[in-house]
Each structure stands twice: as C-alpha cells, then as structure tokens.
file entry35.pdb (PDB, C-alpha atoms, pLDDT in the B column)
MODEL        1
ATOM      1  CA  MET P 436     -39.474-121.654 -88.142  1.00 48.00           C
ATOM      2  CA  SER P 437     -37.203-122.548 -91.062  1.00 47.00           C
ATOM      3  CA  ASP P 438     -33.422-122.138 -91.115  1.00 49.00           C
ATOM      4  CA  GLU P 439     -33.906-119.693 -94.004  1.00 48.00           C
ATOM      5  CA  THR P 440     -36.091-117.418 -91.836  1.00 46.00           C
ATOM      6  CA  VAL P 441     -33.600-117.520 -88.949  1.00 45.00           C
ATOM      7  CA  ASN P 442     -30.668-116.746 -91.216  1.00 48.00           C
ATOM      8  CA  SER P 443     -32.597-113.902 -92.842  1.00 48.00           C
ATOM      9  CA  GLY P 444     -33.262-112.364 -89.406  1.00 50.00           C
ATOM     10  CA  GLU P 445     -29.630-112.671 -88.396  1.00 51.00           C
ATOM     11  CA  VAL P 446     -28.165-111.277 -91.623  1.00 58.00           C
ATOM     12  CA  GLY P 447     -30.580-108.336 -91.954  1.00 70.00           C
ATOM     13  CA  PRO P 448     -29.193-106.182 -89.106  1.00 78.00           C
ATOM     14  CA  GLU P 449     -25.628-106.930 -90.198  1.00 80.00           C
ATOM     15  CA  LYS P 450     -26.410-105.755 -93.728  1.00 80.00           C
ATOM     16  CA  ASP P 451     -28.036-102.635 -92.327  1.00 82.00           C
ATOM     17  CA  GLU P 452     -24.966-101.882 -90.221  1.00 84.00           C
ATOM     18  CA  ALA P 453     -22.650-102.416 -93.185  1.00 83.00           C
ATOM     19  CA  ARG P 454     -24.817-100.242 -95.429  1.00 85.00           C
ATOM     20  CA  HIS P 455     -24.885 -97.478 -92.794  1.00 81.00           C
ATOM     21  CA  ALA P 456     -21.103 -97.638 -92.327  1.00 80.00           C
ATOM     22  CA  MET P 457     -20.526 -97.348 -96.086  1.00 82.00           C
ATOM     23  CA  LYS P 458     -22.946 -94.440 -96.331  1.00 84.00           C
ATOM     24  CA  MET P 459     -21.267 -92.570 -93.469  1.00 80.00           C
ATOM     25  CA  ALA P 460     -17.800 -93.260 -94.914  1.00 83.00           C
ATOM     26  CA  LYS P 461     -18.866 -91.696 -98.216  1.00 81.00           C
ATOM     27  CA  LYS P 462     -20.309 -88.698 -96.386  1.00 81.00           C
ATOM     28  CA  LYS P 463     -17.103 -88.307 -94.376  1.00 80.00           C
ATOM     29  CA  THR P 464     -14.986 -88.371 -97.541  1.00 79.00           C
ATOM     30  CA  ALA P 465     -17.230 -85.836 -99.261  1.00 78.00           C
ATOM     31  CA  ARG P 466     -17.236 -83.624 -96.171  1.00 80.00           C
ATOM     32  CA  GLU P 467     -13.457 -83.713 -95.908  1.00 75.00           C
ATOM     33  CA  LYS P 468     -13.134 -82.667 -99.568  1.00 76.00           C
ATOM     34  CA  ILE P 469     -15.435 -79.701 -98.946  1.00 74.00           C
ATOM     35  CA  MET P 470     -13.664 -78.688 -95.729  1.00 72.00           C
ATOM     36  CA  ALA P 471     -10.280 -78.833 -97.481  1.00 79.00           C
ATOM     37  CA  THR P 472     -11.416 -75.958 -99.713  1.00 71.00           C
ATOM     38  CA  LYS P 473     -12.413 -73.740 -96.740  1.00 61.00           C
ATOM     39  CA  THR P 474      -9.148 -72.082 -95.846  1.00 65.00           C
ATOM     40  CA  ASP P 475      -9.978 -68.373 -95.610  1.00 77.00           C
ATOM     41  CA  GLU P 476     -10.600 -66.480 -92.357  1.00 91.00           C
ATOM     42  CA  LYS P 477     -12.252 -63.090 -91.968  1.00 95.00           C
ATOM     43  CA  GLY P 478     -14.231 -61.080 -89.506  1.00 97.00           C
ATOM     44  CA  LEU P 479     -17.901 -61.703 -90.194  1.00 98.00           C
ATOM     45  CA  ILE P 480     -20.873 -59.378 -90.296  1.00 98.00           C
ATOM     46  CA  ILE P 481     -23.581 -61.432 -88.568  1.00 98.00           C
ATOM     47  CA  VAL P 482     -27.263 -60.488 -88.429  1.00 98.00           C
ATOM     48  CA  HIS P 483     -29.842 -62.105 -86.141  1.00 98.00           C
ATOM     49  CA  THR P 484     -33.328 -60.914 -87.026  1.00 98.00           C
ATOM     50  CA  GLY P 485     -36.936 -62.091 -87.299  1.00 97.00           C
ATOM     51  CA  LYS P 486     -40.012 -62.125 -85.066  1.00 94.00           C
ATOM     52  CA  GLY P 487     -38.972 -65.173 -83.067  1.00 94.00           C
ATOM     53  CA  LYS P 488     -37.199 -65.173 -79.698  1.00 91.00           C
ATOM     54  CA  GLY P 489     -33.474 -65.805 -79.529  1.00 94.00           C
ATOM     55  CA  LYS P 490     -31.773 -63.000 -81.442  1.00 96.00           C
ATOM     56  CA  SER P 491     -29.933 -61.389 -78.529  1.00 95.00           C
ATOM     57  CA  THR P 492     -29.553 -64.802 -76.892  1.00 95.00           C
ATOM     58  CA  ALA P 493     -27.657 -66.088 -79.930  1.00 97.00           C
ATOM     59  CA  GLY P 494     -25.475 -62.984 -79.983  1.00 98.00           C
ATOM     60  CA  PHE P 495     -24.553 -63.351 -76.334  1.00 97.00           C
ATOM     61  CA  GLY P 496     -23.821 -67.027 -76.929  1.00 97.00           C
ATOM     62  CA  MET P 497     -21.014 -65.992 -79.286  1.00 98.00           C
ATOM     63  CA  ILE P 498     -19.813 -63.346 -76.842  1.00 98.00           C
ATOM     64  CA  PHE P 499     -19.503 -66.000 -74.132  1.00 98.00           C
ATOM     65  CA  ARG P 500     -17.609 -68.227 -76.567  1.00 98.00           C
ATOM     66  CA  HIS P 501     -15.132 -65.391 -77.062  1.00 98.00           C
ATOM     67  CA  ILE P 502     -14.831 -64.941 -73.309  1.00 98.00           C
ATOM     68  CA  ALA P 503     -14.231 -68.680 -72.865  1.00 98.00           C
ATOM     69  CA  HIS P 504     -11.419 -68.552 -75.444  1.00 98.00           C
ATOM     70  CA  GLY P 505      -9.873 -65.502 -73.796  1.00 98.00           C
ATOM     71  CA  MET P 506     -10.631 -63.305 -76.825  1.00 98.00           C
ATOM     72  CA  PRO P 507     -11.392 -59.620 -76.092  1.00 98.00           C
ATOM     73  CA  CYS P 508     -14.869 -58.492 -77.121  1.00 98.00           C
ATOM     74  CA  ALA P 509     -17.458 -55.821 -76.413  1.00 98.00           C
ATOM     75  CA  VAL P 510     -21.221 -55.257 -76.199  1.00 98.00           C
ATOM     76  CA  VAL P 511     -23.271 -52.143 -76.944  1.00 97.00           C
ATOM     77  CA  GLN P 512     -26.977 -52.282 -76.082  1.00 95.00           C
ATOM     78  CA  PHE P 513     -28.992 -49.833 -78.174  1.00 93.00           C
ATOM     79  CA  ILE P 514     -32.441 -50.167 -76.578  1.00 87.00           C
ATOM     80  CA  LYS P 515     -32.300 -51.740 -73.124  1.00 76.00           C
ATOM     81  CA  GLY P 516     -31.928 -49.058 -70.489  1.00 69.00           C
ATOM     82  CA  ALA P 517     -31.925 -49.359 -66.702  1.00 63.00           C
ATOM     83  CA  MET P 518     -33.322 -52.908 -66.799  1.00 70.00           C
ATOM     84  CA  GLN P 519     -30.714 -55.270 -65.377  1.00 78.00           C
ATOM     85  CA  THR P 520     -30.145 -58.539 -67.238  1.00 85.00           C
ATOM     86  CA  GLY P 521     -28.401 -61.764 -66.290  1.00 88.00           C
ATOM     87  CA  GLU P 522     -25.820 -61.535 -69.067  1.00 93.00           C
ATOM     88  CA  ARG P 523     -24.947 -57.947 -68.141  1.00 93.00           C
ATOM     89  CA  GLU P 524     -24.547 -58.804 -64.441  1.00 94.00           C
ATOM     90  CA  LEU P 525     -22.373 -61.822 -65.217  1.00 96.00           C
ATOM     91  CA  ILE P 526     -20.106 -60.034 -67.664  1.00 96.00           C
ATOM     92  CA  GLU P 527     -19.655 -56.886 -65.592  1.00 95.00           C
ATOM     93  CA  LYS P 528     -19.038 -58.831 -62.377  1.00 96.00           C
ATOM     94  CA  HIS P 529     -16.722 -61.548 -63.660  1.00 97.00           C
ATOM     95  CA  PHE P 530     -15.472 -60.754 -67.166  1.00 97.00           C
ATOM     96  CA  GLY P 531     -15.198 -56.969 -67.340  1.00 96.00           C
ATOM     97  CA  ASP P 532     -11.488 -57.264 -68.046  1.00 97.00           C
ATOM     98  CA  ILE P 533     -12.064 -59.100 -71.327  1.00 98.00           C
ATOM     99  CA  CYS P 534     -15.523 -57.869 -72.378  1.00 98.00           C
ATOM    100  CA  ARG P 535     -16.457 -54.197 -72.232  1.00 97.00           C
ATOM    101  CA  PHE P 536     -20.204 -53.722 -71.771  1.00 97.00           C
ATOM    102  CA  TYR P 537     -22.153 -50.535 -72.552  1.00 95.00           C
ATOM    103  CA  THR P 538     -25.890 -50.155 -72.019  1.00 93.00           C
ATOM    104  CA  LEU P 539     -26.643 -46.862 -73.758  1.00 88.00           C
ATOM    105  CA  GLY P 540     -30.314 -47.198 -74.668  1.00 78.00           C
ATOM    106  CA  GLU P 541     -33.147 -45.317 -72.996  1.00 69.00           C
ATOM    107  CA  GLY P 542     -35.556 -48.239 -73.048  1.00 63.00           C
ATOM    108  CA  PHE P 543     -38.102 -49.161 -75.669  1.00 59.00           C
ATOM    109  CA  THR P 544     -39.453 -46.260 -77.702  1.00 60.00           C
ATOM    110  CA  TRP P 545     -42.992 -46.640 -76.361  1.00 57.00           C
ATOM    111  CA  GLU P 546     -41.595 -46.109 -72.864  1.00 61.00           C
ATOM    112  CA  THR P 547     -39.681 -42.897 -73.516  1.00 62.00           C
ATOM    113  CA  GLN P 548     -42.291 -41.391 -75.875  1.00 70.00           C
ATOM    114  CA  ASP P 549     -39.640 -38.866 -76.817  1.00 81.00           C
ATOM    115  CA  ARG P 550     -38.170 -39.279 -80.306  1.00 86.00           C
ATOM    116  CA  ALA P 551     -35.447 -36.674 -79.854  1.00 87.00           C
ATOM    117  CA  ARG P 552     -34.268 -38.437 -76.717  1.00 87.00           C
ATOM    118  CA  ASP P 553     -34.320 -41.815 -78.465  1.00 89.00           C
ATOM    119  CA  VAL P 554     -32.349 -40.470 -81.425  1.00 91.00           C
ATOM    120  CA  ALA P 555     -29.740 -38.905 -79.138  1.00 91.00           C
ATOM    121  CA  ALA P 556     -29.317 -42.171 -77.208  1.00 91.00           C
ATOM    122  CA  ALA P 557     -29.023 -44.222 -80.411  1.00 93.00           C
ATOM    123  CA  GLU P 558     -26.460 -41.838 -81.887  1.00 95.00           C
ATOM    124  CA  LYS P 559     -24.404 -42.004 -78.683  1.00 95.00           C
ATOM    125  CA  ALA P 560     -24.541 -45.808 -78.790  1.00 96.00           C
ATOM    126  CA  TRP P 561     -23.474 -45.816 -82.453  1.00 98.00           C
ATOM    127  CA  GLU P 562     -20.484 -43.577 -81.721  1.00 98.00           C
ATOM    128  CA  LYS P 563     -19.391 -45.984 -78.980  1.00 98.00           C
ATOM    129  CA  ALA P 564     -19.956 -48.929 -81.333  1.00 98.00           C
ATOM    130  CA  LYS P 565     -17.707 -47.390 -83.994  1.00 98.00           C
ATOM    131  CA  GLU P 566     -15.008 -46.766 -81.404  1.00 98.00           C
ATOM    132  CA  LEU P 567     -15.104 -50.385 -80.237  1.00 98.00           C
ATOM    133  CA  ILE P 568     -15.174 -51.823 -83.760  1.00 98.00           C
ATOM    134  CA  ARG P 569     -12.196 -49.709 -84.834  1.00 98.00           C
ATOM    135  CA  ASP P 570     -10.237 -51.060 -81.853  1.00 98.00           C
ATOM    136  CA  GLU P 571      -8.603 -54.125 -83.378  1.00 96.00           C
ATOM    137  CA  ARG P 572      -8.043 -55.622 -79.945  1.00 97.00           C
ATOM    138  CA  ASN P 573     -11.735 -56.571 -79.981  1.00 98.00           C
ATOM    139  CA  SER P 574     -12.307 -59.818 -81.808  1.00 98.00           C
ATOM    140  CA  MET P 575     -16.101 -59.380 -81.678  1.00 98.00           C
ATOM    141  CA  VAL P 576     -18.488 -56.505 -81.044  1.00 98.00           C
ATOM    142  CA  LEU P 577     -22.166 -57.212 -80.373  1.00 98.00           C
ATOM    143  CA  LEU P 578     -24.580 -54.407 -81.300  1.00 98.00           C
ATOM    144  CA  ASP P 579     -27.608 -55.603 -79.390  1.00 96.00           C
ATOM    145  CA  GLU P 580     -30.975 -54.479 -80.828  1.00 95.00           C
ATOM    146  CA  ILE P 581     -29.397 -51.997 -83.215  1.00 97.00           C
ATOM    147  CA  ASN P 582     -31.916 -53.138 -85.827  1.00 97.00           C
ATOM    148  CA  ILE P 583     -34.689 -51.529 -83.784  1.00 94.00           C
ATOM    149  CA  ALA P 584     -32.849 -48.205 -83.803  1.00 94.00           C
ATOM    150  CA  LEU P 585     -32.345 -48.581 -87.557  1.00 96.00           C
ATOM    151  CA  ARG P 586     -35.976 -49.496 -88.110  1.00 95.00           C
ATOM    152  CA  TYR P 587     -37.150 -46.224 -86.553  1.00 93.00           C
ATOM    153  CA  ASP P 588     -34.432 -44.289 -88.405  1.00 94.00           C
ATOM    154  CA  TYR P 589     -32.717 -43.201 -85.210  1.00 94.00           C
ATOM    155  CA  ILE P 590     -29.477 -44.030 -87.050  1.00 96.00           C
ATOM    156  CA  ASP P 591     -28.839 -43.725 -90.785  1.00 97.00           C
ATOM    157  CA  ILE P 592     -28.670 -47.203 -92.326  1.00 98.00           C
ATOM    158  CA  ALA P 593     -26.480 -45.899 -95.157  1.00 98.00           C
ATOM    159  CA  GLU P 594     -23.890 -44.697 -92.639  1.00 98.00           C
ATOM    160  CA  VAL P 595     -23.903 -48.042 -90.814  1.00 98.00           C
ATOM    161  CA  VAL P 596     -23.484 -50.004 -94.053  1.00 98.00           C
ATOM    162  CA  GLN P 597     -20.695 -47.735 -95.290  1.00 98.00           C
ATOM    163  CA  PHE P 598     -18.855 -47.943 -91.978  1.00 98.00           C
ATOM    164  CA  LEU P 599     -19.025 -51.738 -91.853  1.00 98.00           C
ATOM    165  CA  LYS P 600     -17.849 -52.030 -95.459  1.00 97.00           C
ATOM    166  CA  GLU P 601     -15.033 -49.498 -95.242  1.00 97.00           C
ATOM    167  CA  GLU P 602     -13.833 -49.244 -91.648  1.00 97.00           C
ATOM    168  CA  LYS P 603     -14.457 -52.564 -89.922  1.00 98.00           C
ATOM    169  CA  PRO P 604     -11.080 -54.269 -89.393  1.00 98.00           C
ATOM    170  CA  HIS P 605     -10.673 -57.368 -91.517  1.00 97.00           C
ATOM    171  CA  MET P 606     -10.631 -59.847 -88.627  1.00 97.00           C
ATOM    172  CA  THR P 607     -13.280 -58.234 -86.398  1.00 98.00           C
ATOM    173  CA  HIS P 608     -16.672 -59.924 -86.110  1.00 98.00           C
ATOM    174  CA  VAL P 609     -19.689 -57.640 -85.739  1.00 98.00           C
ATOM    175  CA  VAL P 610     -23.038 -59.055 -84.609  1.00 98.00           C
ATOM    176  CA  LEU P 611     -26.207 -57.007 -85.120  1.00 98.00           C
ATOM    177  CA  THR P 612     -29.474 -58.133 -83.536  1.00 98.00           C
ATOM    178  CA  GLY P 613     -33.114 -57.104 -83.586  1.00 97.00           C
ATOM    179  CA  ARG P 614     -36.168 -57.755 -85.712  1.00 95.00           C
ATOM    180  CA  ASN P 615     -36.846 -56.080 -89.067  1.00 96.00           C
ATOM    181  CA  ALA P 616     -33.231 -55.890 -90.238  1.00 98.00           C
ATOM    182  CA  LYS P 617     -32.898 -53.447 -93.129  1.00 97.00           C
ATOM    183  CA  GLU P 618     -32.259 -54.867 -96.589  1.00 97.00           C
ATOM    184  CA  GLY P 619     -29.021 -52.917 -96.981  1.00 97.00           C
ATOM    185  CA  LEU P 620     -27.619 -54.587 -93.883  1.00 98.00           C
ATOM    186  CA  ILE P 621     -28.727 -58.032 -95.018  1.00 98.00           C
ATOM    187  CA  GLU P 622     -27.002 -57.498 -98.383  1.00 98.00           C
ATOM    188  CA  ILE P 623     -23.557 -56.877 -96.870  1.00 98.00           C
ATOM    189  CA  ALA P 624     -23.825 -59.488 -94.111  1.00 98.00           C
ATOM    190  CA  ASP P 625     -21.871 -62.743 -94.267  1.00 98.00           C
ATOM    191  CA  LEU P 626     -24.329 -64.618 -92.060  1.00 98.00           C
ATOM    192  CA  VAL P 627     -28.033 -63.846 -91.631  1.00 98.00           C
ATOM    193  CA  THR P 628     -30.377 -65.859 -89.438  1.00 98.00           C
ATOM    194  CA  GLU P 629     -34.085 -65.129 -89.233  1.00 97.00           C
ATOM    195  CA  MET P 630     -35.730 -66.387 -86.064  1.00 95.00           C
ATOM    196  CA  GLU P 631     -39.198 -67.681 -86.919  1.00 94.00           C
ATOM    197  CA  LEU P 632     -41.986 -67.356 -84.354  1.00 89.00           C
ATOM    198  CA  VAL P 633     -44.027 -70.550 -83.956  1.00 90.00           C
ATOM    199  CA  LYS P 634     -45.333 -70.167 -80.384  1.00 88.00           C
ATOM    200  CA  HIS P 635     -44.633 -67.661 -77.616  1.00 80.00           C
ATOM    201  CA  PRO P 636     -45.796 -67.805 -73.965  1.00 81.00           C
ATOM    202  CA  PHE P 637     -46.592 -64.068 -74.005  1.00 73.00           C
ATOM    203  CA  ARG P 638     -49.616 -64.848 -76.164  1.00 76.00           C
ATOM    204  CA  SER P 639     -50.879 -67.133 -73.415  1.00 76.00           C
ATOM    205  CA  GLY P 640     -50.664 -64.424 -70.771  1.00 83.00           C
ATOM    206  CA  ILE P 641     -47.236 -65.375 -69.429  1.00 82.00           C
ATOM    207  CA  LYS P 642     -44.935 -62.463 -68.647  1.00 84.00           C
ATOM    208  CA  ALA P 643     -41.198 -62.214 -69.340  1.00 78.00           C
ATOM    209  CA  GLN P 644     -39.314 -64.298 -66.783  1.00 80.00           C
ATOM    210  CA  LYS P 645     -35.878 -64.083 -65.205  1.00 79.00           C
ATOM    211  CA  GLY P 646     -33.450 -66.549 -66.724  1.00 77.00           C
ATOM    212  CA  VAL P 647     -35.461 -66.838 -69.937  1.00 79.00           C
ATOM    213  CA  GLU P 648     -35.934 -63.319 -71.295  1.00 76.00           C
ATOM    214  CA  PHE P 649     -33.452 -61.434 -69.109  1.00 75.00           C
TER     215      PHE P 649
ENDMDL
END

call {"tool": "encode", "arguments": {"input": "entry35.pdb", "output": "structure tokens"}}
result
Amino acid sequence: MSDETVNSGEVGPEKDEARHAMKMAKKKTAREKIMATKTDEKGLIIVHTGKGKGKSTAGFGMIFRHIAHGMPCAVVQFIKGAMQTGERELIEKHFGDICRFYTLGEGFTWETQDRARDVAAAEKAWEKAKELIRDERNSMVLLDEINIALRYDYIDIAEVVQFLKEEKPHMTHVVLTGRNAKEGLIEIADLVTEMELVKHPFRSGIKAQKGVEF
C-alpha cells in the first residue's frame, strides 16, 4: 500500500468531521437568527385531528407538561362516559389540585343511540368548557374529542369559533381533539396536526388494550 493511499485514508475522516462541524455551525447561526425574531407569547388554539391514533394522547401529553411545571389546567371529555382511563385515574388521584377533570360525555353515539341525550351531554360539556376557559387561572384547557361532538352537530361550530376568537383569554391555551375537525376550527387554530393512519392493530383483530388506548 502506498503512502499516498494511507494518507488519503487518514485525512478523509478528518475532512468529513471538519465539513460536518462547519455545516452545523452555519445551521446554528441561522437557527439563532430565526429564534431571535420569535419574541411573542400567546395562548394557542391547538387542534389534533385525523384518522390516526394519538390525538387525545398528544393532548394529555401537554396537560402533563403543565402539571409538571405547576401550571393550573383542566380537561373536559366530550364523548368518553363511564369508561375509566389511566390518565383520568392518575390526574384525579394525584393532581386534582392543579388539574380539574370533567368527564361529561355519555359514551360514543352508537352506544347511546339517543341523539337528544347526546346533544344534551355535549351542550353541558361545552358550558363547562367555556367556564374553564374563561377562568384565567387555567393555563391550558383540553377539550377531548370535542371534534366528534362538532362533527355530529351536537354543538354549533359557529358558536365555538366565535367564543374562541372573542372570549378566550389571551394567554390561555385551548386544545381540541378528535377526527374530522371542522374547517372553521382549522382556520382559526394556531397549530393543527393531522394524525395519519398507516397501520392499526384493530384491523388485525386486536382489541383496545390498557396502557395503550386507555
């Protein structure tokens, strides 16, 4: 093997490291310039929608961040009824002083088979949601599966949009989850994430499991 080949093998990785360091330094500088322009703070309207799993999970992730930071927050569940969930048990048992939790749904609509009952439950949940959002002590309010209630017109989307635009306190975050988010809600939202379904175990005959779905 020639000295030229040996030297080439030794210098190559060093050049790669130097090139990578320069590239990352440029990215860091550019990133810092961008971040320097981001100085505003506001309460966000956040929508998690789509056919994929993870909408409520993502919402509760932010609720637990608030709890960890000692920031008061609240949850209103629009669809889930008597079914007990891990997040509900944990919050009510250990963090009820900082996170108020209301499960006001009657279950999924195909279970109740009673539209009037579903509408009444959704309207009750929306009244509680407005109360909690107006309370400026709450830094975040999660409206879990409200999009389902809106999809079936149990609640008037125009009223929800108007309330969020006109009455939501400036620094309060509101998270709205559920598939098929209405266009009017998407238009006023600051952050919209659509969960895309690629694979789901339910299609393979696997039922919902504790610790994964609830």

call {"tool": "resolve_selection", "arguments": {"input": "entry35.pdb", "expression": "the PyMOL selection byres ((chain P and resi 636-647) around 9)", "output": "ChimeraX atom specification"}}
result
/P:520-521,634-635,648-649

call {"tool": "closest_residue", "arguments": {"input": "entry35.pdb", "among": "P:Met518, P:Ile533, P:Val482, P:Val511", "to": "Lys617 in chain P", "atoms": "only C-alpha atoms"}}
result
P:Val482

call {"tool": "atom_distance", "arguments": {"input": "entry35.pdb", "atom1": "CA of Arg572 in chain P", "atom2": "CA of Pro507 in chain P"}}
result
6.5 Å

call {"tool": "atom_distance", "arguments": {"input": "entry35.pdb", "atom1": "CA of His529 in chain P", "atom2": "CA of Lys490 in chain P"}}
result
23.3 Å

call {"tool": "atom_distance", "arguments": {"input": "entry35.pdb", "atom1": "CA of His605 in chain P", "atom2": "CA of Lys565 in chain P"}}
result
14.3 Å

call {"tool": "residues_around", "arguments": {"input": "entry35.pdb", "residues": "Val633 in chain P", "least_positions_apart": "5", "cutoff": "12 Å", "atoms": "only C-alpha atoms", "output": "list in words"}}
result
Gly485, Lys486, Gly487, Lys488 and Arg638 of chain P

call {"tool": "resolve_selection", "arguments": {"input": "entry35.pdb", "expression": "the PyMOL selection byres ((chain P and resi 570) around 12)", "output": "VMD selection string"}}
result
chain P and resid 507 to 509 535 563 to 569 571 to 576 602 to 608

call {"tool": "write_last_selection", "arguments": {"input": "entry35.pdb", "atoms": "C-alpha atoms", "output": "CSV table (one decimal), in the coordinates of the input"}}
result
chain,number,residue,atom,x,y,z
P,507,PRO,CA,-11.4,-59.6,-76.1
P,508,CYS,CA,-14.9,-58.5,-77.1
P,509,ALA,CA,-17.5,-55.8,-76.4
P,535,ARG,CA,-16.5,-54.2,-72.2
P,563,LYS,CA,-19.4,-46.0,-79.0
P,564,ALA,CA,-20.0,-48.9,-81.3
P,565,LYS,CA,-17.7,-47.4,-84.0
P,566,GLU,CA,-15.0,-46.8,-81.4
P,567,LEU,CA,-15.1,-50.4,-80.2
P,568,ILE,CA,-15.2,-51.8,-83.8
P,569,ARG,CA,-12.2,-49.7,-84.8
P,571,GLU,CA,-8.6,-54.1,-83.4
P,572,ARG,CA,-8.0,-55.6,-79.9
P,573,ASN,CA,-11.7,-56.6,-80.0
P,574,SER,CA,-12.3,-59.8,-81.8
P,575,MET,CA,-16.1,-59.4,-81.7
P,576,VAL,CA,-18.5,-56.5,-81.0
P,602,GLU,CA,-13.8,-49.2,-91.6
P,603,LYS,CA,-14.5,-52.6,-89.9
P,604,PRO,CA,-11.1,-54.3,-89.4
P,605,HIS,CA,-10.7,-57.4,-91.5
P,606,MET,CA,-10.6,-59.8,-88.6
P,607,THR,CA,-13.3,-58.2,-86.4
P,608,HIS,CA,-16.7,-59.9,-86.1

call {"tool": "resolve_selection", "arguments": {"input": "entry35.pdb", "expression": "the PyMOL selection byres ((chain P and resi 629) around 7)", "output": "list in words"}}
result
His483, Thr484, Gly485, Val627, Thr628, Met630 and Glu631 of chain P

call {"tool": "closest_residue", "arguments": {"input": "entry35.pdb", "among": "P:Lys450, P:Lys463, P:Arg552, P:Lys600", "to": "Asp625 in chain P", "atoms": "only C-alpha atoms"}}
result
P:Lys600
